[in-house]
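Undergrad: File my_file_20.cif follows (mmCIF, N, CA and C atoms):
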data_protein
loop_
_atom_site.label_atom_id
_atom_site.label_comp_id
_atom_site.auth_asym_id
_atom_site.auth_seq_id
_atom_site.Cartn_x
_atom_site.Cartn_y
_atom_site.Cartn_z
N ARG M 1 2.42 -7.11 30.74
CA ARG M 1 2.15 -7.95 29.59
C ARG M 1 1.08 -7.32 28.73
N TYR M 2 1.19 -7.60 27.45
CA TYR M 2 0.26 -7.04 26.48
C TYR M 2 -0.36 -8.17 25.67
N ALA M 3 -1.59 -7.97 25.26
CA ALA M 3 -2.27 -8.93 24.38
C ALA M 3 -2.95 -8.13 23.27
N PHE M 4 -2.83 -8.64 22.06
CA PHE M 4 -3.47 -8.00 20.91
C PHE M 4 -4.51 -8.96 20.36
N ALA M 5 -5.73 -8.50 20.24
CA ALA M 5 -6.80 -9.31 19.66
C ALA M 5 -6.92 -8.95 18.18
N LEU M 6 -6.93 -9.95 17.33
CA LEU M 6 -7.01 -9.74 15.88
C LEU M 6 -8.32 -10.31 15.34
N PRO M 7 -8.79 -9.80 14.21
CA PRO M 7 -10.00 -10.35 13.59
C PRO M 7 -9.80 -11.82 13.22
N GLY M 8 -10.90 -12.54 13.01
CA GLY M 8 -10.83 -13.96 12.70
C GLY M 8 -10.45 -14.29 11.27
N ASN M 9 -10.78 -13.41 10.32
CA ASN M 9 -10.41 -13.67 8.93
C ASN M 9 -8.91 -13.44 8.73
N PRO M 10 -8.24 -14.34 8.02
CA PRO M 10 -6.79 -14.22 7.88
C PRO M 10 -6.34 -12.92 7.23
N VAL M 11 -7.04 -12.45 6.21
CA VAL M 11 -6.65 -11.21 5.54
C VAL M 11 -6.84 -10.03 6.48
N SER M 12 -7.96 -9.99 7.17
CA SER M 12 -8.21 -8.91 8.13
C SER M 12 -7.17 -8.93 9.24
N ALA M 13 -6.79 -10.10 9.68
CA ALA M 13 -5.79 -10.22 10.74
C ALA M 13 -4.44 -9.68 10.27
N LEU M 14 -4.04 -10.00 9.05
CA LEU M 14 -2.76 -9.53 8.52
C LEU M 14 -2.76 -8.02 8.34
N VAL M 15 -3.84 -7.47 7.79
CA VAL M 15 -3.92 -6.03 7.58
C VAL M 15 -3.91 -5.31 8.93
N THR M 16 -4.68 -5.80 9.88
CA THR M 16 -4.72 -5.19 11.21
C THR M 16 -3.35 -5.26 11.89
N ALA M 17 -2.70 -6.40 11.78
CA ALA M 17 -1.37 -6.53 12.37
C ALA M 17 -0.39 -5.55 11.73
N THR M 18 -0.45 -5.41 10.41
CA THR M 18 0.45 -4.51 9.71
C THR M 18 0.23 -3.06 10.12
N LEU M 19 -1.03 -2.67 10.24
CA LEU M 19 -1.35 -1.27 10.51
C LEU M 19 -1.31 -0.90 11.98
N LEU M 20 -1.60 -1.85 12.88
CA LEU M 20 -1.72 -1.51 14.29
C LEU M 20 -0.75 -2.25 15.21
N VAL M 21 -0.65 -3.57 15.06
CA VAL M 21 0.13 -4.36 16.01
C VAL M 21 1.63 -4.15 15.84
N VAL M 22 2.13 -4.24 14.61
CA VAL M 22 3.58 -4.08 14.39
C VAL M 22 4.04 -2.69 14.84
N PRO M 23 3.34 -1.60 14.48
CA PRO M 23 3.77 -0.30 15.01
C PRO M 23 3.73 -0.23 16.54
N ALA M 24 2.72 -0.84 17.17
CA ALA M 24 2.65 -0.84 18.64
C ALA M 24 3.83 -1.60 19.24
N LEU M 25 4.17 -2.75 18.65
CA LEU M 25 5.30 -3.53 19.16
C LEU M 25 6.62 -2.78 18.98
N LYS M 26 6.76 -2.08 17.85
CA LYS M 26 7.96 -1.27 17.66
C LYS M 26 8.07 -0.19 18.73
N ARG M 27 6.95 0.47 19.01
CA ARG M 27 6.95 1.53 20.02
C ARG M 27 7.28 0.96 21.40
N LEU M 28 6.67 -0.18 21.72
CA LEU M 28 6.97 -0.83 23.00
C LEU M 28 8.42 -1.29 23.07
N GLY M 29 9.00 -1.57 21.90
CA GLY M 29 10.39 -2.00 21.83
C GLY M 29 11.40 -0.87 21.88
N GLY M 30 10.91 0.37 21.98
CA GLY M 30 11.81 1.49 22.15
C GLY M 30 12.06 2.33 20.91
N TYR M 31 11.44 2.00 19.79
CA TYR M 31 11.61 2.83 18.60
C TYR M 31 10.96 4.19 18.83
N SER M 32 11.51 5.23 18.20
CA SER M 32 10.87 6.54 18.31
C SER M 32 9.55 6.49 17.55
N SER M 33 8.61 7.35 17.94
CA SER M 33 7.27 7.31 17.35
C SER M 33 7.29 7.58 15.84
N GLU M 34 8.31 8.29 15.33
CA GLU M 34 8.40 8.56 13.89
C GLU M 34 8.74 7.30 13.09
N LEU M 35 9.39 6.33 13.71
CA LEU M 35 9.82 5.12 13.02
C LEU M 35 8.83 3.97 13.12
N CYS M 36 7.75 4.15 13.86
CA CYS M 36 6.82 3.05 14.11
C CYS M 36 5.81 2.78 12.99
N PRO M 37 5.17 3.80 12.41
CA PRO M 37 4.18 3.50 11.37
C PRO M 37 4.82 2.85 10.15
N PRO M 38 4.05 2.05 9.39
CA PRO M 38 4.60 1.48 8.16
C PRO M 38 4.95 2.61 7.18
N PRO M 39 5.99 2.43 6.38
CA PRO M 39 6.34 3.48 5.42
C PRO M 39 5.24 3.65 4.37
N GLU M 40 5.09 4.87 3.88
CA GLU M 40 4.09 5.15 2.84
C GLU M 40 4.76 5.84 1.67
N ALA M 41 4.17 5.65 0.49
CA ALA M 41 4.65 6.30 -0.73
C ALA M 41 3.45 6.65 -1.59
N PRO M 42 3.49 7.80 -2.29
CA PRO M 42 2.38 8.15 -3.18
C PRO M 42 2.33 7.18 -4.36
N LEU M 43 1.13 6.97 -4.92
CA LEU M 43 1.01 6.05 -6.04
C LEU M 43 -0.09 6.47 -6.97
N GLU M 44 -0.09 5.85 -8.14
CA GLU M 44 -1.17 5.98 -9.11
C GLU M 44 -1.84 4.62 -9.20
N LEU M 45 -3.12 4.61 -9.51
CA LEU M 45 -3.84 3.35 -9.67
C LEU M 45 -3.88 2.98 -11.14
N ALA M 46 -3.59 1.72 -11.45
CA ALA M 46 -3.60 1.25 -12.83
C ALA M 46 -5.02 1.25 -13.39
N ASP M 47 -6.01 0.94 -12.55
CA ASP M 47 -7.40 0.86 -12.97
C ASP M 47 -8.28 1.58 -11.96
N ALA M 48 -9.49 1.92 -12.39
CA ALA M 48 -10.45 2.54 -11.48
C ALA M 48 -10.82 1.55 -10.38
N VAL M 49 -11.01 2.07 -9.18
CA VAL M 49 -11.38 1.25 -8.02
C VAL M 49 -12.62 1.85 -7.40
N ALA M 50 -13.62 1.02 -7.12
CA ALA M 50 -14.82 1.50 -6.46
C ALA M 50 -14.50 1.81 -5.00
N LEU M 51 -14.89 2.99 -4.56
CA LEU M 51 -14.62 3.42 -3.19
C LEU M 51 -15.80 3.12 -2.29
N ASP M 52 -15.53 2.79 -1.04
CA ASP M 52 -16.57 2.61 -0.05
C ASP M 52 -17.20 3.98 0.24
N ALA M 53 -18.48 4.00 0.51
CA ALA M 53 -19.18 5.27 0.72
C ALA M 53 -18.81 5.97 2.01
N VAL M 54 -18.46 5.22 3.06
CA VAL M 54 -18.30 5.86 4.37
C VAL M 54 -16.96 5.63 5.06
N ARG M 55 -16.11 4.77 4.54
CA ARG M 55 -14.86 4.52 5.27
C ARG M 55 -13.69 4.34 4.32
N PRO M 56 -12.50 4.71 4.76
CA PRO M 56 -11.30 4.46 3.97
C PRO M 56 -11.04 2.95 3.92
N GLU M 57 -10.33 2.51 2.89
CA GLU M 57 -10.02 1.09 2.75
C GLU M 57 -8.54 0.89 2.46
N TYR M 58 -8.07 -0.30 2.76
CA TYR M 58 -6.70 -0.71 2.44
C TYR M 58 -6.81 -1.83 1.42
N HIS M 59 -6.53 -1.49 0.17
CA HIS M 59 -6.72 -2.39 -0.97
C HIS M 59 -5.40 -3.10 -1.25
N ARG M 60 -5.41 -4.43 -1.33
CA ARG M 60 -4.19 -5.19 -1.59
C ARG M 60 -3.78 -5.04 -3.05
N VAL M 61 -2.50 -4.67 -3.25
CA VAL M 61 -2.04 -4.35 -4.60
C VAL M 61 -0.63 -4.89 -4.86
N THR M 62 -0.32 -5.00 -6.15
CA THR M 62 1.06 -5.17 -6.59
C THR M 62 1.54 -3.79 -7.03
N LEU M 63 2.85 -3.59 -7.07
CA LEU M 63 3.40 -2.30 -7.46
C LEU M 63 4.36 -2.46 -8.63
N ASP M 64 4.29 -1.52 -9.54
CA ASP M 64 5.25 -1.44 -10.65
C ASP M 64 5.76 -0.01 -10.70
N TRP M 65 6.96 0.16 -11.26
CA TRP M 65 7.54 1.49 -11.41
C TRP M 65 7.35 1.95 -12.84
N ARG M 66 6.75 3.11 -13.01
CA ARG M 66 6.58 3.71 -14.33
C ARG M 66 7.55 4.88 -14.43
N PRO M 67 8.60 4.74 -15.26
CA PRO M 67 9.56 5.84 -15.39
C PRO M 67 8.91 7.07 -16.01
N ALA M 68 9.42 8.23 -15.67
CA ALA M 68 8.93 9.47 -16.25
C ALA M 68 9.32 9.51 -17.72
N ALA M 69 8.54 10.19 -18.52
CA ALA M 69 8.85 10.32 -19.95
C ALA M 69 10.17 11.06 -20.10
N ARG M 70 10.94 10.62 -21.09
CA ARG M 70 12.24 11.25 -21.33
C ARG M 70 12.15 12.14 -22.56
N ASP M 71 12.93 13.22 -22.55
CA ASP M 71 12.92 14.15 -23.67
C ASP M 71 13.73 13.64 -24.87
N ASP M 72 14.76 12.83 -24.60
CA ASP M 72 15.61 12.35 -25.69
C ASP M 72 15.38 10.86 -25.92
N ALA M 73 15.98 10.35 -26.97
CA ALA M 73 15.80 8.94 -27.32
C ALA M 73 16.41 8.02 -26.28
N GLY M 74 17.49 8.45 -25.65
CA GLY M 74 18.10 7.66 -24.58
C GLY M 74 18.62 6.32 -25.04
N THR M 75 19.27 6.28 -26.20
CA THR M 75 19.75 5.01 -26.73
C THR M 75 21.06 4.56 -26.11
N ASP M 76 21.76 5.46 -25.44
CA ASP M 76 23.03 5.09 -24.83
C ASP M 76 22.77 4.20 -23.62
N GLN M 77 23.13 2.92 -23.72
CA GLN M 77 22.82 1.98 -22.63
C GLN M 77 23.61 2.26 -21.36
N TYR M 78 24.68 3.06 -21.46
CA TYR M 78 25.48 3.34 -20.27
C TYR M 78 25.12 4.67 -19.62
N ARG M 79 24.15 5.37 -20.19
CA ARG M 79 23.72 6.64 -19.62
C ARG M 79 23.04 6.39 -18.28
N ALA M 80 23.35 7.22 -17.31
CA ALA M 80 22.71 7.08 -15.99
C ALA M 80 21.21 7.36 -16.15
N ARG M 81 20.41 6.51 -15.61
CA ARG M 81 18.95 6.65 -15.69
C ARG M 81 18.44 7.51 -14.54
N SER M 82 17.46 8.30 -14.83
CA SER M 82 16.84 9.12 -13.81
C SER M 82 15.90 8.25 -12.98
N ALA M 83 15.81 8.53 -11.70
CA ALA M 83 14.89 7.79 -10.83
C ALA M 83 13.50 8.40 -10.86
N ALA M 84 13.30 9.45 -11.67
CA ALA M 84 11.99 10.09 -11.73
C ALA M 84 10.95 9.13 -12.31
N GLY M 85 9.79 9.15 -11.74
CA GLY M 85 8.72 8.28 -12.20
C GLY M 85 7.68 8.17 -11.12
N SER M 86 6.84 7.13 -11.20
CA SER M 86 5.79 6.96 -10.19
C SER M 86 5.50 5.47 -9.97
N LEU M 87 5.02 5.18 -8.77
CA LEU M 87 4.56 3.84 -8.46
C LEU M 87 3.16 3.67 -9.01
N VAL M 88 2.92 2.53 -9.65
CA VAL M 88 1.60 2.23 -10.19
C VAL M 88 1.09 0.97 -9.49
N ALA M 89 -0.08 1.09 -8.88
CA ALA M 89 -0.67 -0.02 -8.12
C ALA M 89 -1.72 -0.74 -8.96
N THR M 90 -1.66 -2.07 -8.94
CA THR M 90 -2.64 -2.91 -9.61
C THR M 90 -3.31 -3.79 -8.57
N SER M 91 -4.63 -3.81 -8.56
CA SER M 91 -5.38 -4.61 -7.60
C SER M 91 -5.07 -6.10 -7.76
N THR M 92 -5.11 -6.82 -6.65
CA THR M 92 -4.93 -8.27 -6.70
C THR M 92 -6.26 -9.00 -6.85
N GLY M 93 -7.32 -8.27 -7.10
CA GLY M 93 -8.62 -8.90 -7.32
C GLY M 93 -9.63 -8.58 -6.25
N VAL M 94 -10.58 -9.48 -6.05
CA VAL M 94 -11.65 -9.29 -5.08
C VAL M 94 -11.04 -9.05 -3.70
N GLN M 95 -11.57 -8.05 -2.99
CA GLN M 95 -10.95 -7.60 -1.74
C GLN M 95 -11.73 -7.97 -0.48
N ARG M 96 -12.59 -8.96 -0.52
CA ARG M 96 -13.31 -9.36 0.69
C ARG M 96 -12.32 -9.78 1.78
N SER M 97 -12.69 -9.53 3.03
CA SER M 97 -11.79 -9.85 4.14
C SER M 97 -11.54 -11.35 4.28
N SER M 98 -12.44 -12.15 3.74
CA SER M 98 -12.27 -13.61 3.85
C SER M 98 -11.52 -14.19 2.64
N ARG M 99 -11.18 -13.37 1.67
CA ARG M 99 -10.57 -13.87 0.43
C ARG M 99 -9.05 -13.85 0.55
N LEU M 100 -8.49 -14.96 0.95
CA LEU M 100 -7.06 -15.09 1.14
C LEU M 100 -6.29 -14.99 -0.17
N LEU M 101 -6.91 -15.38 -1.28
CA LEU M 101 -6.24 -15.33 -2.58
C LEU M 101 -5.83 -13.91 -2.95
N SER M 102 -6.52 -12.90 -2.42
CA SER M 102 -6.15 -11.51 -2.74
C SER M 102 -4.80 -11.13 -2.14
N MET M 103 -4.28 -11.92 -1.21
CA MET M 103 -2.97 -11.65 -0.63
C MET M 103 -1.84 -12.18 -1.51
N LYS M 104 -2.17 -13.13 -2.39
CA LYS M 104 -1.14 -13.72 -3.25
C LYS M 104 -0.59 -12.64 -4.18
N GLY M 105 0.67 -12.41 -4.10
CA GLY M 105 1.32 -11.43 -4.94
C GLY M 105 1.24 -10.01 -4.43
N ALA M 106 0.43 -9.75 -3.43
CA ALA M 106 0.31 -8.38 -2.90
C ALA M 106 1.61 -8.00 -2.20
N VAL M 107 2.08 -6.80 -2.49
CA VAL M 107 3.30 -6.30 -1.85
C VAL M 107 3.05 -5.03 -1.06
N ALA M 108 1.82 -4.49 -1.16
CA ALA M 108 1.50 -3.24 -0.46
C ALA M 108 0.00 -3.14 -0.25
N LEU M 109 -0.37 -2.19 0.58
CA LEU M 109 -1.78 -1.86 0.81
C LEU M 109 -2.00 -0.45 0.29
N ALA M 110 -2.87 -0.29 -0.69
CA ALA M 110 -3.20 1.05 -1.19
C ALA M 110 -4.23 1.66 -0.26
N CYS M 111 -3.89 2.78 0.33
CA CYS M 111 -4.79 3.47 1.26
C CYS M 111 -5.73 4.34 0.44
N LEU M 112 -6.99 3.93 0.35
CA LEU M 112 -7.97 4.63 -0.47
C LEU M 112 -8.96 5.37 0.41
N PRO M 113 -9.26 6.63 0.08
CA PRO M 113 -10.20 7.40 0.89
C PRO M 113 -11.63 6.95 0.67
N GLU M 114 -12.53 7.33 1.58
CA GLU M 114 -13.94 7.04 1.37
C GLU M 114 -14.47 7.91 0.23
N ARG M 115 -15.55 7.47 -0.39
CA ARG M 115 -16.10 8.13 -1.57
C ARG M 115 -16.41 9.61 -1.33
N GLY M 116 -16.86 9.97 -0.13
CA GLY M 116 -17.21 11.34 0.16
C GLY M 116 -16.03 12.31 0.13
N ARG M 117 -14.80 11.81 0.21
CA ARG M 117 -13.62 12.67 0.23
C ARG M 117 -12.93 12.78 -1.11
N ALA M 118 -13.31 11.96 -2.09
CA ALA M 118 -12.61 12.00 -3.37
C ALA M 118 -13.56 11.59 -4.49
N ALA M 119 -13.39 12.25 -5.63
CA ALA M 119 -14.22 11.91 -6.79
C ALA M 119 -13.83 10.55 -7.35
N ASN M 120 -12.56 10.24 -7.30
CA ASN M 120 -12.09 8.90 -7.67
C ASN M 120 -10.93 8.55 -6.75
N ALA M 121 -10.41 7.37 -6.87
CA ALA M 121 -9.46 6.89 -5.89
C ALA M 121 -8.04 7.41 -6.08
N ALA M 122 -7.70 7.91 -7.25
CA ALA M 122 -6.31 8.28 -7.50
C ALA M 122 -5.82 9.44 -6.63
N PRO M 123 -6.55 10.54 -6.49
CA PRO M 123 -6.00 11.63 -5.67
C PRO M 123 -5.89 11.21 -4.20
N GLY M 124 -4.73 11.43 -3.65
CA GLY M 124 -4.53 11.15 -2.24
C GLY M 124 -4.26 9.70 -1.91
N ALA M 125 -4.24 8.82 -2.90
CA ALA M 125 -3.95 7.42 -2.63
C ALA M 125 -2.47 7.27 -2.31
N SER M 126 -2.16 6.40 -1.38
CA SER M 126 -0.77 6.13 -1.05
C SER M 126 -0.65 4.64 -0.77
N ALA M 127 0.57 4.15 -0.81
CA ALA M 127 0.83 2.75 -0.55
C ALA M 127 1.48 2.59 0.81
N THR M 128 0.95 1.70 1.62
CA THR M 128 1.59 1.33 2.86
C THR M 128 2.38 0.06 2.59
N LEU M 129 3.65 0.11 2.86
CA LEU M 129 4.53 -1.02 2.56
C LEU M 129 4.77 -1.80 3.85
N PRO M 130 4.27 -3.03 3.95
CA PRO M 130 4.47 -3.80 5.19
C PRO M 130 5.94 -3.99 5.50
N ALA M 131 6.29 -3.79 6.76
CA ALA M 131 7.69 -3.91 7.17
C ALA M 131 8.01 -5.33 7.58
#
Transcribe the structure of this file into structure tokens.

TA:
Amino acid sequence: RYAFALPGNPVSALVTATLLVVPALKRLGGYSSELCPPPEAPLELADAVALDAVRPEYHRVTLDWRPAARDDAGTDQYRARSAAGSLVATSTGVQRSSRLLSMKGAVALACLPERGRAANAAPGASATLPA
């Protein structure tokens, strides 16, 4: 038998479950180790985000798709659209672990490095998509 202890704050509990408990349960359920971690995708940040000085953070965000710029006018509505573009993450607001409202509308966790590893949050940021 296994037991998982989670933090007391609801947001912390959900983030911890997403990052640690669900992958552990998948592994215990027989999934290969490559399929256990939550999927990740590179992203851009819509706005500047203050980074923690000493630790990476998982910032709750909404995601939008920004298509890549096109060379032509593209007025033909039946023309096949290119999937080229990027994910753009927008913060859901104050990110305290006790602030449940920050989960409203969040669809992903932006993995942000600590301040010592990046001049700003955009380089190396990725989105963890809860499964």

Undergrad: Measuring between only C-alpha atoms, which one of M:Thr92, M:Thr16, M:Asn9, M:Ser98 shows the shortest distance to Arg60 (chain M)?

TA: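 Looking at the shortest contact to Arg60 (chain M), the residue is M:Thr92.
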
Undergrad: Could you please determine the separation between atom N of Ser33 (chain M) and atom C of Glu57 (chain M) in Å, to one decimal place?

TA: 24.0 Å

Undergrad: Have a look at M:Pro23, M:Pro39, M:Gly30, M:Gly93 and name the one nearest to His59 (chain M); count only C-alpha atoms.

TA: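 Checking each of M:Pro23, M:Pro39, M:Gly30, M:Gly93 against His59 (chain M), counting only C-alpha atoms, the winner is M:Gly93.
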
Undergrad: Just the number, please: distance in Å from CA of Leu35 (chain M) to atom N of Val107 (chain M), one decimal.

TA: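 The value is 21.0 Å.
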
Undergrad: CA of Pro56 (chain M) and CA of Tyr31 (chain M), how far apart in Å?

TA: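 One can read the CA of Tyr31 (chain M) to CA of Pro56 (chain M) distance as 27.2 Å.
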
Undergrad: Choose the residue, out of M:Ala89, M:Leu101, M:Pro10, M:Pro37, that has the smallest atom-to-atom separation from Val22 (chain M); count only N, CA and C atoms.

TA: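 Closest residue, counting only N, CA and C atoms: M:Pro37.
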